[in-house]
Structures are given as structure tokens and as C-alpha cells.
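*Asks:* To be precise about what I am sending: the file is called my_file-v5.tsv and holds TSV, C-alpha atoms.
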```
chain	number	residue	atom	x	y	z
R	1	MET	CA	-1.81	8.71	-2.74
R	2	PRO	CA	1.86	9.52	-3.40
R	3	LEU	CA	4.84	7.72	-1.93
R	4	PHE	CA	6.11	10.77	-0.11
R	5	THR	CA	4.57	12.82	2.67
R	6	SER	CA	4.55	16.60	2.49
R	7	SER	CA	7.25	16.70	5.15
R	8	ALA	CA	9.53	14.04	3.64
R	9	ALA	CA	13.10	15.33	3.91
R	10	TRP	CA	14.39	13.69	0.73
R	11	VAL	CA	11.75	14.97	-1.69
R	12	THR	CA	12.49	17.74	-4.22
R	13	GLU	CA	10.39	19.31	-6.95
R	14	GLU	CA	12.24	17.06	-9.40
R	15	HIS	CA	10.95	14.00	-7.55
R	16	ARG	CA	7.39	15.31	-7.78
R	17	MET	CA	7.70	16.00	-11.49
R	18	TYR	CA	9.30	12.60	-12.03
R	19	ALA	CA	6.48	10.88	-10.13
R	20	ASP	CA	3.91	12.55	-12.38
R	21	MET	CA	5.81	11.49	-15.50
R	22	ALA	CA	6.34	7.93	-14.30
R	23	GLY	CA	2.69	7.63	-13.30
R	24	ARG	CA	1.46	8.76	-16.71
R	25	PHE	CA	3.81	6.38	-18.49
R	26	LEU	CA	2.74	3.43	-16.36
R	27	ASP	CA	-0.94	4.26	-16.83
R	28	ASP	CA	-0.43	4.19	-20.59
R	29	GLU	CA	2.06	1.36	-21.02
R	30	LEU	CA	1.83	-0.91	-17.96
R	31	VAL	CA	-1.76	-0.97	-16.73
R	32	PRO	CA	-3.32	-2.13	-20.06
R	33	ASN	CA	-0.84	-5.02	-20.29
R	34	VAL	CA	-0.83	-6.46	-16.76
R	35	GLU	CA	-3.35	-9.22	-17.51
R	36	THR	CA	-1.50	-10.22	-20.69
R	37	TRP	CA	1.78	-10.52	-18.81
R	38	ILE	CA	0.09	-12.63	-16.14
R	39	GLU	CA	-1.25	-15.00	-18.77
R	40	GLN	CA	2.08	-15.37	-20.55
R	41	GLY	CA	4.19	-15.40	-17.37
R	42	VAL	CA	6.64	-12.74	-18.53
R	43	VAL	CA	6.72	-9.00	-19.21
R	44	ASP	CA	7.25	-8.13	-22.86
R	45	ARG	CA	10.77	-6.98	-23.67
R	46	ALA	CA	9.25	-4.10	-25.63
R	47	PHE	CA	7.96	-2.67	-22.36
R	48	TRP	CA	11.44	-2.76	-20.82
R	49	GLU	CA	12.74	-0.79	-23.80
R	50	LYS	CA	9.90	1.75	-23.57
R	51	ALA	CA	10.58	2.17	-19.86
R	52	GLY	CA	14.23	2.75	-20.71
R	53	GLN	CA	13.35	5.37	-23.31
R	54	ALA	CA	11.14	7.10	-20.74
R	55	GLY	CA	14.07	7.21	-18.29
R	56	LEU	CA	12.39	5.09	-15.62
R	57	MET	CA	15.49	2.98	-14.97
R	58	ALA	CA	18.13	5.69	-15.13
R	59	GLY	CA	17.21	8.02	-12.29
R	60	ALA	CA	20.12	7.15	-10.00
R	61	ILE	CA	22.78	6.51	-12.66
R	62	ALA	CA	25.39	9.15	-13.47
R	63	GLU	CA	25.04	10.92	-16.81
R	64	GLU	CA	28.27	9.43	-18.19
R	65	TYR	CA	26.66	5.99	-17.89
R	66	GLY	CA	23.40	6.90	-19.59
R	67	GLY	CA	21.52	8.11	-16.52
R	68	VAL	CA	20.20	11.42	-15.25
R	69	GLY	CA	22.43	11.72	-12.19
R	70	GLY	CA	19.75	11.72	-9.52
R	71	GLY	CA	19.72	9.84	-6.24
R	72	MET	CA	18.08	6.64	-5.05
R	73	GLY	CA	14.85	8.51	-4.43
R	74	PHE	CA	14.07	8.32	-8.15
R	75	ASP	CA	14.28	4.53	-8.03
R	76	ALA	CA	12.02	4.57	-4.99
R	77	VAL	CA	9.43	6.60	-6.92
R	78	THR	CA	9.48	4.18	-9.87
R	79	LEU	CA	8.97	1.19	-7.58
R	80	TYR	CA	6.12	2.84	-5.72
R	81	GLU	CA	4.34	4.05	-8.86
R	82	GLN	CA	4.50	0.54	-10.33
R	83	SER	CA	3.17	-1.12	-7.19
R	84	ALA	CA	0.50	1.55	-6.68
R	85	ARG	CA	-1.00	0.40	-9.97
R	86	GLY	CA	-1.43	-3.12	-8.66
R	87	ASP	CA	1.46	-4.66	-10.59
R	88	ALA	CA	4.12	-6.97	-9.20
R	89	GLY	CA	5.13	-8.50	-12.53
R	90	TRP	CA	7.62	-6.02	-13.98
R	91	GLY	CA	10.98	-6.96	-12.44
R	92	TYR	CA	12.32	-3.43	-12.15
R	93	GLY	CA	13.12	-3.91	-8.46
R	94	ILE	CA	15.79	-6.48	-9.33
R	95	GLN	CA	16.96	-4.37	-12.28
R	96	SER	CA	17.55	-1.51	-9.86
R	97	ILE	CA	19.45	-3.75	-7.45
R	98	VAL	CA	21.68	-5.07	-10.26
R	99	ILE	CA	22.35	-1.52	-11.46
R	100	HIS	CA	23.45	-0.44	-8.00
R	101	TYR	CA	25.78	-3.41	-7.56
R	102	ILE	CA	27.57	-2.52	-10.78
R	103	ASP	CA	27.57	1.19	-9.97
R	104	ALA	CA	29.01	0.55	-6.50
R	105	TYR	CA	31.57	-2.16	-7.26
R	106	GLY	CA	32.14	-2.21	-11.00
R	107	SER	CA	35.33	-1.02	-12.65
R	108	GLU	CA	35.14	1.96	-14.97
R	109	GLU	CA	35.19	-0.42	-17.92
R	110	GLN	CA	32.36	-2.50	-16.44
R	111	LYS	CA	30.25	0.57	-15.78
R	112	GLN	CA	30.73	1.89	-19.29
R	113	LYS	CA	29.90	-1.52	-20.74
R	114	TRP	CA	26.81	-2.48	-18.75
R	115	LEU	CA	25.11	0.49	-17.08
R	116	PRO	CA	23.88	2.24	-20.27
R	117	LYS	CA	22.36	-1.01	-21.53
R	118	LEU	CA	20.64	-1.69	-18.21
R	119	ALA	CA	19.32	1.87	-18.05
R	120	SER	CA	17.95	1.70	-21.59
R	121	GLY	CA	16.29	-1.69	-21.18
R	122	GLU	CA	18.54	-3.21	-23.82
R	123	MET	CA	19.76	-5.55	-21.09
R	124	ILE	CA	17.63	-7.09	-18.34
R	125	GLY	CA	19.44	-7.96	-15.12
R	126	ALA	CA	19.09	-10.70	-12.52
R	127	LEU	CA	20.75	-11.45	-9.20
R	128	ALA	CA	21.47	-15.16	-8.68
R	129	MET	CA	21.98	-15.74	-4.95
R	130	THR	CA	19.47	-18.35	-3.78
R	131	GLU	CA	20.22	-22.04	-4.29
R	132	PRO	CA	18.23	-25.20	-3.65
R	133	GLY	CA	18.82	-25.96	0.03
R	134	THR	CA	20.37	-22.62	1.05
R	135	GLY	CA	17.44	-20.19	1.20
R	136	SER	CA	18.43	-17.06	3.14
R	137	ASP	CA	21.85	-18.48	4.09
R	138	VAL	CA	24.12	-16.74	1.57
R	139	GLN	CA	27.29	-18.09	3.18
R	140	ALA	CA	26.22	-21.64	2.33
R	141	VAL	CA	26.20	-21.22	-1.46
R	142	ARG	CA	27.74	-24.16	-3.30
R	143	THR	CA	28.09	-22.68	-6.78
R	144	SER	CA	31.81	-22.53	-7.53
R	145	ALA	CA	33.95	-20.29	-9.72
R	146	ASP	CA	37.31	-21.93	-10.36
R	147	LYS	CA	40.17	-20.25	-12.17
R	148	ASP	CA	40.89	-21.55	-15.65
R	149	GLY	CA	43.60	-19.46	-17.28
R	150	ASN	CA	42.20	-15.96	-17.67
R	151	SER	CA	38.66	-17.18	-17.02
R	152	TYR	CA	36.40	-18.35	-14.25
R	153	CYS	CA	34.67	-21.68	-14.74
R	154	ILE	CA	31.29	-21.46	-13.00
R	155	SER	CA	29.37	-24.56	-11.94
R	156	GLY	CA	26.22	-24.85	-9.86
R	157	SER	CA	22.53	-24.02	-9.85
R	158	LYS	CA	20.31	-21.22	-8.58
R	159	ILE	CA	16.59	-21.17	-7.87
R	160	PHE	CA	13.77	-18.62	-7.55
R	161	ILE	CA	15.64	-16.12	-9.74
R	162	THR	CA	13.53	-13.09	-10.64
R	163	ASN	CA	13.85	-12.11	-14.33
R	164	GLY	CA	15.38	-15.56	-14.78
R	165	GLN	CA	13.88	-16.22	-18.20
R	166	SER	CA	14.60	-12.74	-19.55
R	167	ALA	CA	17.97	-11.82	-18.09
R	168	ASP	CA	20.87	-10.94	-20.36
R	169	LEU	CA	23.15	-10.09	-17.43
R	170	ILE	CA	23.27	-12.10	-14.22
R	171	ILE	CA	25.28	-11.31	-11.10
R	172	VAL	CA	26.16	-14.74	-9.75
R	173	THR	CA	27.10	-15.41	-6.13
R	174	ALA	CA	29.82	-18.07	-6.20
R	175	LYS	CA	32.62	-19.51	-4.08
R	176	THR	CA	36.03	-18.58	-5.45
R	177	ASP	CA	37.62	-20.28	-2.43
R	178	LYS	CA	35.57	-23.06	-0.82
R	179	ALA	CA	37.82	-23.20	2.26
R	180	LEU	CA	37.19	-19.63	3.38
R	181	GLY	CA	33.45	-19.69	4.08
R	182	ALA	CA	31.94	-16.22	3.78
R	183	LYS	CA	35.36	-14.80	2.88
R	184	GLY	CA	35.47	-17.08	-0.14
R	185	VAL	CA	32.29	-15.66	-1.72
R	186	SER	CA	32.59	-13.48	-4.83
R	187	LEU	CA	30.20	-11.82	-7.26
R	188	ILE	CA	30.78	-12.55	-10.94
R	189	VAL	CA	28.83	-11.18	-13.89
R	190	VAL	CA	27.62	-13.62	-16.53
R	191	GLU	CA	26.35	-12.33	-19.87
R	192	THR	CA	23.96	-15.01	-21.03
R	193	ASP	CA	24.22	-14.43	-24.78
R	194	GLY	CA	26.45	-17.17	-26.15
R	195	ALA	CA	27.43	-18.47	-22.69
R	196	ASP	CA	28.19	-22.15	-23.28
R	197	GLY	CA	26.98	-24.33	-20.41
R	198	PHE	CA	24.40	-21.84	-19.20
R	199	ARG	CA	20.83	-23.11	-19.16
R	200	ARG	CA	17.51	-21.82	-17.91
R	201	GLY	CA	14.99	-24.13	-16.29
R	202	ARG	CA	11.27	-23.78	-16.78
R	203	ASN	CA	9.37	-20.65	-15.85
R	204	LEU	CA	8.34	-21.54	-12.29
R	205	LYS	CA	4.63	-21.59	-11.42
R	206	LYS	CA	4.03	-19.43	-8.37
R	207	LEU	CA	1.24	-18.56	-5.97
R	208	GLY	CA	1.49	-14.90	-6.95
R	209	MET	CA	3.57	-12.47	-9.02
R	210	LYS	CA	2.58	-14.50	-12.05
R	211	GLY	CA	3.51	-11.80	-14.55
R	212	ASN	CA	7.13	-12.02	-13.47
R	213	ASP	CA	9.39	-14.70	-14.92
R	214	THR	CA	11.06	-16.68	-12.16
R	215	ALA	CA	13.40	-19.53	-13.03
R	216	GLU	CA	15.98	-22.04	-11.92
R	217	LEU	CA	19.34	-21.41	-13.55
R	218	PHE	CA	22.04	-23.95	-14.31
R	219	PHE	CA	25.75	-23.31	-14.79
R	220	GLU	CA	27.76	-26.21	-16.18
R	221	ASP	CA	31.38	-25.16	-16.59
R	222	VAL	CA	30.37	-21.72	-17.83
R	223	LYS	CA	33.48	-19.75	-18.73
R	224	VAL	CA	33.55	-15.98	-18.22
R	225	PRO	CA	36.52	-13.59	-18.27
R	226	MET	CA	38.15	-12.91	-14.92
R	227	THR	CA	37.50	-9.25	-15.68
R	228	ASN	CA	33.82	-10.00	-14.93
R	229	LEU	CA	34.59	-10.18	-11.21
R	230	LEU	CA	32.80	-7.39	-9.34
R	231	GLY	CA	35.22	-5.55	-7.10
R	232	PRO	CA	39.01	-5.25	-7.06
R	233	GLU	CA	39.65	-8.70	-5.60
R	234	GLU	CA	38.03	-12.04	-4.84
R	235	GLY	CA	36.29	-12.72	-1.54
R	236	GLN	CA	34.42	-9.42	-1.38
R	237	GLY	CA	31.03	-10.90	-2.33
R	238	PHE	CA	29.57	-11.38	1.13
R	239	TYR	CA	30.53	-7.85	2.15
R	240	GLN	CA	29.07	-6.50	-1.10
R	241	LEU	CA	25.82	-8.39	-0.56
R	242	MET	CA	25.48	-7.22	3.04
R	243	THR	CA	26.18	-3.63	2.01
R	244	GLN	CA	23.56	-3.64	-0.76
R	245	LEU	CA	20.88	-5.64	1.06
R	246	PRO	CA	19.45	-2.55	2.85
R	247	TRP	CA	18.31	-1.18	-0.53
R	248	GLU	CA	16.85	-4.56	-1.52
R	249	ARG	CA	14.93	-4.72	1.74
R	250	LEU	CA	13.75	-1.14	1.44
R	251	THR	CA	12.41	-1.89	-2.05
R	252	ILE	CA	10.15	-4.50	-0.44
R	253	GLY	CA	8.80	-1.92	2.00
R	254	ILE	CA	8.24	0.59	-0.80
R	255	MET	CA	6.37	-1.91	-2.95
R	256	ALA	CA	4.32	-2.98	0.06
R	257	LEU	CA	3.19	0.62	0.53
R	258	GLY	CA	2.26	1.01	-3.14
R	259	ALA	CA	0.23	-2.20	-3.12
R	260	ILE	CA	-1.50	-1.15	0.10
R	261	ASP	CA	-2.51	2.22	-1.34
R	262	PHE	CA	-3.91	0.52	-4.43
R	263	ALA	CA	-5.79	-2.09	-2.39
R	264	ILE	CA	-7.39	0.48	-0.07
R	265	ALA	CA	-8.49	2.65	-3.02
R	266	GLU	CA	-10.00	-0.35	-4.82
R	267	THR	CA	-11.76	-1.50	-1.66
R	268	VAL	CA	-13.21	1.91	-0.85
R	269	LYS	CA	-14.57	2.15	-4.39
R	270	TYR	CA	-16.14	-1.31	-4.14
R	271	VAL	CA	-17.82	-0.88	-0.76
R	272	GLN	CA	-19.23	2.50	-1.83
R	273	GLU	CA	-20.98	0.81	-4.77
R	274	ARG	CA	-21.89	-2.59	-3.30
R	275	LYS	CA	-25.14	-2.85	-1.34
R	276	ALA	CA	-26.24	-5.37	1.27
R	277	PHE	CA	-29.37	-5.41	3.46
R	278	GLY	CA	-30.58	-2.21	1.82
R	279	GLN	CA	-27.51	-0.07	2.37
R	280	ARG	CA	-24.01	0.45	1.06
R	281	VAL	CA	-21.40	-1.89	2.49
R	282	MET	CA	-19.47	1.30	3.27
R	283	ASP	CA	-22.24	2.32	5.70
R	284	PHE	CA	-21.68	-0.64	8.02
R	285	GLN	CA	-19.63	0.30	11.05
R	286	ASN	CA	-17.44	-2.79	10.66
R	287	THR	CA	-16.48	-1.73	7.14
R	288	ARG	CA	-15.66	1.81	8.20
R	289	PHE	CA	-13.64	0.67	11.20
R	290	LYS	CA	-11.69	-1.91	9.18
R	291	LEU	CA	-10.84	0.66	6.53
R	292	ALA	CA	-9.88	3.18	9.22
R	293	GLU	CA	-7.46	0.64	10.65
R	294	CYS	CA	-6.00	-0.09	7.21
R	295	LYS	CA	-5.56	3.59	6.40
R	296	THR	CA	-3.85	4.29	9.71
R	297	LYS	CA	-1.42	1.41	9.20
R	298	ALA	CA	-0.68	2.68	5.68
R	299	GLU	CA	0.17	6.17	6.94
R	300	VAL	CA	2.42	4.84	9.70
R	301	LEU	CA	4.24	2.72	7.13
R	302	ARG	CA	4.49	5.71	4.75
R	303	SER	CA	6.26	7.77	7.39
R	304	PHE	CA	8.68	4.95	8.15
R	305	VAL	CA	9.41	4.29	4.46
R	306	ASN	CA	10.10	7.97	3.86
R	307	GLU	CA	12.43	8.09	6.85
R	308	CYS	CA	14.32	5.09	5.45
R	309	ILE	CA	14.62	6.65	1.99
R	310	ALA	CA	16.01	9.82	3.57
R	311	LYS	CA	18.56	7.74	5.47
R	312	LEU	CA	19.48	5.82	2.33
R	313	GLU	CA	20.08	9.04	0.41
R	314	THR	CA	22.58	10.15	3.07
R	315	GLY	CA	24.20	6.73	3.46
R	316	LYS	CA	22.76	6.17	6.93
R	317	LEU	CA	20.32	3.30	6.37
R	318	ASP	CA	21.71	0.55	8.60
R	319	ALA	CA	21.00	-3.16	8.28
R	320	ALA	CA	18.73	-3.34	11.34
R	321	THR	CA	16.49	-0.49	10.19
R	322	ALA	CA	16.31	-1.91	6.68
R	323	SER	CA	15.30	-5.24	8.20
R	324	MET	CA	12.57	-3.46	10.16
R	325	VAL	CA	11.05	-1.76	7.11
R	326	LYS	CA	11.11	-5.02	5.16
R	327	TYR	CA	9.58	-7.03	8.00
R	328	TRP	CA	7.04	-4.45	9.06
R	329	GLY	CA	6.06	-3.39	5.55
R	330	SER	CA	5.44	-6.93	4.36
R	331	GLU	CA	3.53	-7.91	7.52
R	332	VAL	CA	1.27	-4.86	7.27
R	333	GLN	CA	0.79	-5.48	3.56
R	334	ASN	CA	-0.47	-9.01	4.21
R	335	GLU	CA	-2.73	-7.87	7.05
R	336	ILE	CA	-4.32	-5.20	4.88
R	337	MET	CA	-4.76	-7.49	1.88
R	338	HIS	CA	-6.55	-9.93	4.17
R	339	GLU	CA	-8.94	-7.25	5.45
R	340	CYS	CA	-9.58	-5.71	2.03
R	341	LEU	CA	-10.28	-9.05	0.38
R	342	GLN	CA	-12.77	-9.89	3.16
R	343	LEU	CA	-14.69	-6.68	2.43
R	344	PHE	CA	-15.14	-7.81	-1.17
R	345	GLY	CA	-16.96	-10.91	0.07
R	346	GLY	CA	-17.20	-13.73	-2.48
R	347	TYR	CA	-15.98	-11.45	-5.26
R	348	GLY	CA	-12.69	-11.09	-3.44
R	349	PHE	CA	-12.02	-14.73	-4.22
R	350	MET	CA	-12.45	-14.13	-7.96
R	351	MET	CA	-9.30	-13.43	-9.95
R	352	GLU	CA	-11.15	-10.92	-12.12
R	353	TYR	CA	-10.94	-8.54	-9.17
R	354	PRO	CA	-7.42	-7.13	-8.57
R	355	ILE	CA	-7.68	-7.66	-4.81
R	356	ALA	CA	-7.37	-11.43	-5.32
R	357	ARG	CA	-4.14	-10.95	-7.23
R	358	LEU	CA	-2.83	-8.45	-4.67
R	359	TYR	CA	-3.56	-10.95	-1.89
R	360	ALA	CA	-1.55	-13.66	-3.66
R	361	ASP	CA	1.27	-11.32	-4.65
R	362	ALA	CA	1.72	-10.11	-1.08
R	363	ARG	CA	2.59	-13.46	0.45
R	364	VAL	CA	6.13	-13.75	-0.94
R	365	GLN	CA	7.05	-10.33	0.43
R	366	MET	CA	7.53	-11.98	3.83
R	367	ILE	CA	9.88	-14.56	2.30
R	368	TYR	CA	12.23	-13.09	-0.30
R	369	GLY	CA	14.94	-10.58	0.50
R	370	GLY	CA	15.54	-12.68	3.61
R	371	THR	CA	12.61	-14.23	5.47
R	372	ASN	CA	10.92	-12.15	8.14
R	373	GLU	CA	12.25	-14.59	10.72
R	374	VAL	CA	15.77	-13.72	9.58
R	375	MET	CA	14.83	-10.03	9.70
R	376	LYS	CA	13.79	-10.38	13.33
R	377	GLU	CA	17.08	-12.08	14.16
R	378	LEU	CA	19.03	-9.23	12.55
R	379	ILE	CA	16.96	-6.67	14.45
R	380	ALA	CA	17.52	-8.56	17.71
R	381	ARG	CA	21.28	-8.60	17.18
R	382	SER	CA	21.26	-4.78	17.10
R	383	LEU	CA	19.72	-4.85	20.58
R	384	ASP	CA	22.13	-7.42	22.02
R	385	VAL	CA	25.22	-5.22	22.29
```
Please go through the file and, once you have read it, give me the structure as C-alpha cells.
*Replies:*
Amino acid sequence: MPLFTSSAAWVTEEHRMYADMAGRFLDDELVPNVETWIEQGVVDRAFWEKAGQAGLMAGAIAEEYGGVGGGMGFDAVTLYEQSARGDAGWGYGIQSIVIHYIDAYGSEEQKQKWLPKLASGEMIGALAMTEPGTGSDVQAVRTSADKDGNSYCISGSKIFITNGQSADLIIVTAKTDKALGAKGVSLIVVETDGADGFRRGRNLKKLGMKGNDTAELFFEDVKVPMTNLLGPEEGQGFYQLMTQLPWERLTIGIMALGAIDFAIAETVKYVQERKAFGQRVMDFQNTRFKLAECKTKAEVLRSFVNECIAKLETGKLDAATASMVKYWGSEVQNEIMHECLQLFGGYGFMMEYPIARLYADARVQMIYGGTNEVMKELIARSLDV
């Protein structure tokens, strides 16, 4: 089942061709390695480079920066095709977010320096927002970036950072002026190679998404050039984050849809083969009704996701709608994983069956990118006008 519906306004023939290419690449290079990455807790760097060579990370980047000059729809296709193969380990979603921060706010010099390397897989990106004790409250970050000559001196720690063990380039949310609250937040790029005072904590053990490296990061007087500030002036970080968060939240909805499609397909295949009480599990009315419910929810979500991608492509995806697709997509994903796992019976509890992994991977979707409780608050604010 593809990401896009036949009536999706944003889809072109190029998107369809790209989806076919991306799907073939992922079948050949991702699917055979998923279990290995889960065991080792990190995706091989060689895969990142192969994905870069295949053009999977360059769809929305202008040609002068090593991309193909397409729109965000190409990133959406990559995310869906990955998730529709049952994988949540490859951290491309964060790579895409990092790319778009630099593309939107970077200077010409910064774009020339970093975008080609991110598109090619030579560099892996991370976004360091969350801190111990702050969670979804970005304004409360305590990491500081103090001026020291022509440099910033960054001190603080971050937690739950996707691609944390692998990242060569990290966009750090820091306070450049502690007295200004949200207006004192800035985004500063740290290149990890040779960065004195930068340290990675252990690869965190998680309930799900075990193929993705997630770490705590420590900054102890890490000096970076002031030219690594994203944007023309300090204090723009909170605005930049709020402007880019709709894409981050839409990525969660897109990956929810991919995982749902994979789970339903795997479940249908299982219940067609499995027998109980002398008949296929598929022949029980409860099974058929449960799968009918799951399929209907998937198609409703698909229409909503496609509408949001179309809005994003035209610059009209607002924060409330992005919050809705993140909240709704992740809720539906967890509901469907619950139903599909139940139809596997005892085998659903065995990690050798992908549905068990999908069930575990789904849970964090309601937490990261802003908890679903925060999403509901943002949606409610759009009503209280």
C-alpha cells in the first residue's frame, strides 16, 4: 500500500518513480539488516552512505547543495517506505529535520559546508533539544552558550537524542541569554569531530526502536565558532523550533501510517495461514471485523496525512493541524498494533515475529515530538480564540 492516495494533490509522476526506487533500495539494503542493527543498537554507517548514493536523503535539497531540487514530498516518501518495511531504527527522520533547519536558517556558507555532506550520508545529524527535567518544555532548557571571543562556549547536557552515538553534526538548543526566557534561546551547530569537552553517554536501552542509537550528550565548555549560530542573530531559536516542528510532527504521522500498513499486511498473512478449531483464523468473524476496523482507520489516516503533506508543500501546514496528525496518527498506530498483536495470539508476544517489535516501537510515537497531551493543548488553543 503506497503512502499516497490516487487523488493526493501533491503527488507527481516523479514521486511515484521515486517511491519505486526507494522501495527497491530499502528491500535490498535495509530489510536484510534490520535484525543486525537491533542486536548492535545502531545502524551501520555504510548504510547511511549507500542511502546517500541512492539519493534517499537529497530529495528536498537544492541542486547546488548536492540535492535533486524536489519538495518535501520526497522526504515523506522516504520516511513512509522505511516504516512500511517495519523499520524504526534508521534515523533518517531526524536527518531530514536537521537538513531542513540548515536549509531554512543557514547562511550560504553553512549550506555549502553541511548540506552536501548530510545528503550524501558522509555526515549524520542530530537535534539536541530535550534535557533531563525539561521534556517537552523547550523554553526551560538550561544548556548555555556564552560568548568567549569569537566563539561560543557551550555547557550542559541533553538526553534521549536520536542518532546520538553516530552524529557528526548536532544542532544544539542553548540559552545565549538566560534572562530573556524563550527570546534567549538560540540554535548552534556543533561538529563533533575534535570538539574538546563534548562527550557521549552510553547507548540508552529502550523499550522499542532498538536499532536506533539514542544517547545522552554532555557539553563541558565546548567551544564552537560564532559563525555556527543558525540564523542572522541570537534569540531566534524558539521561533525556529516552532516553525520547523510541524514537519517533525508530520514525520511521526507518516511513519505511523507506514508501520500500520506493514502490520496489517503481516497480520492478514498470518491469520490466513494459521488455523484454530478446524478453520483459518481469518474465517472467524471477530478476526474479519477487527481487521476491517484497522483497515478503515488506516485509510482515514492516509487521507489526513496526504492532506497535511499537500499543505506542507504549499507552506500552509499550521501548528494545530500538525499537532492533530501527530496525535491522531500515533494514537491510531498504537490501537492497531494492539489489535494486530492480539490476532497473532501467543506468537505475537515472541520477538521473532515483527508484530512484537512494531508494538514496542509504536509506544514512543505518543511521547516524542511533544507528548500527545501537549498536542491536545496546542489543538485546544486554536479553538480558544
*Asks:* What does the distance between atom CA of R:Glu29 and atom CA of R:Gly41 come to in Å, to one decimal place?
*Replies:* 17.3 Å
*Asks:* Between R:Pro354, R:Leu127, R:Pro132, R:Ile159, which residue has the minimum interatomic distance to R:Val190, considering only C-alpha atoms?
*Replies:*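 Of all the options, R:Leu127 lies closest to R:Val190.
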*Asks:* Looking at R:Gly66, R:Gly348, R:Gly231, R:Pro116, which one is nearest to R:Glu266, with distances taken over all atoms listed in the file?
*Replies:*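 Of all the options, R:Gly348 lies closest to R:Glu266.
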*Asks:* Report, in Å to a single decimal, how far apart atom CA of R:Ala276 and atom CA of R:Leu358 are.
*Replies:*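 Interatomic distance here is 24.3 Å.
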*Asks:* Counting all atoms listed in the file, which of R:Thr134, R:Lys210, R:Asn228, R:Phe238 gets nearest to R:Lys183?
*Replies:*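 The answer is R:Phe238, which sits nearest to R:Lys183.
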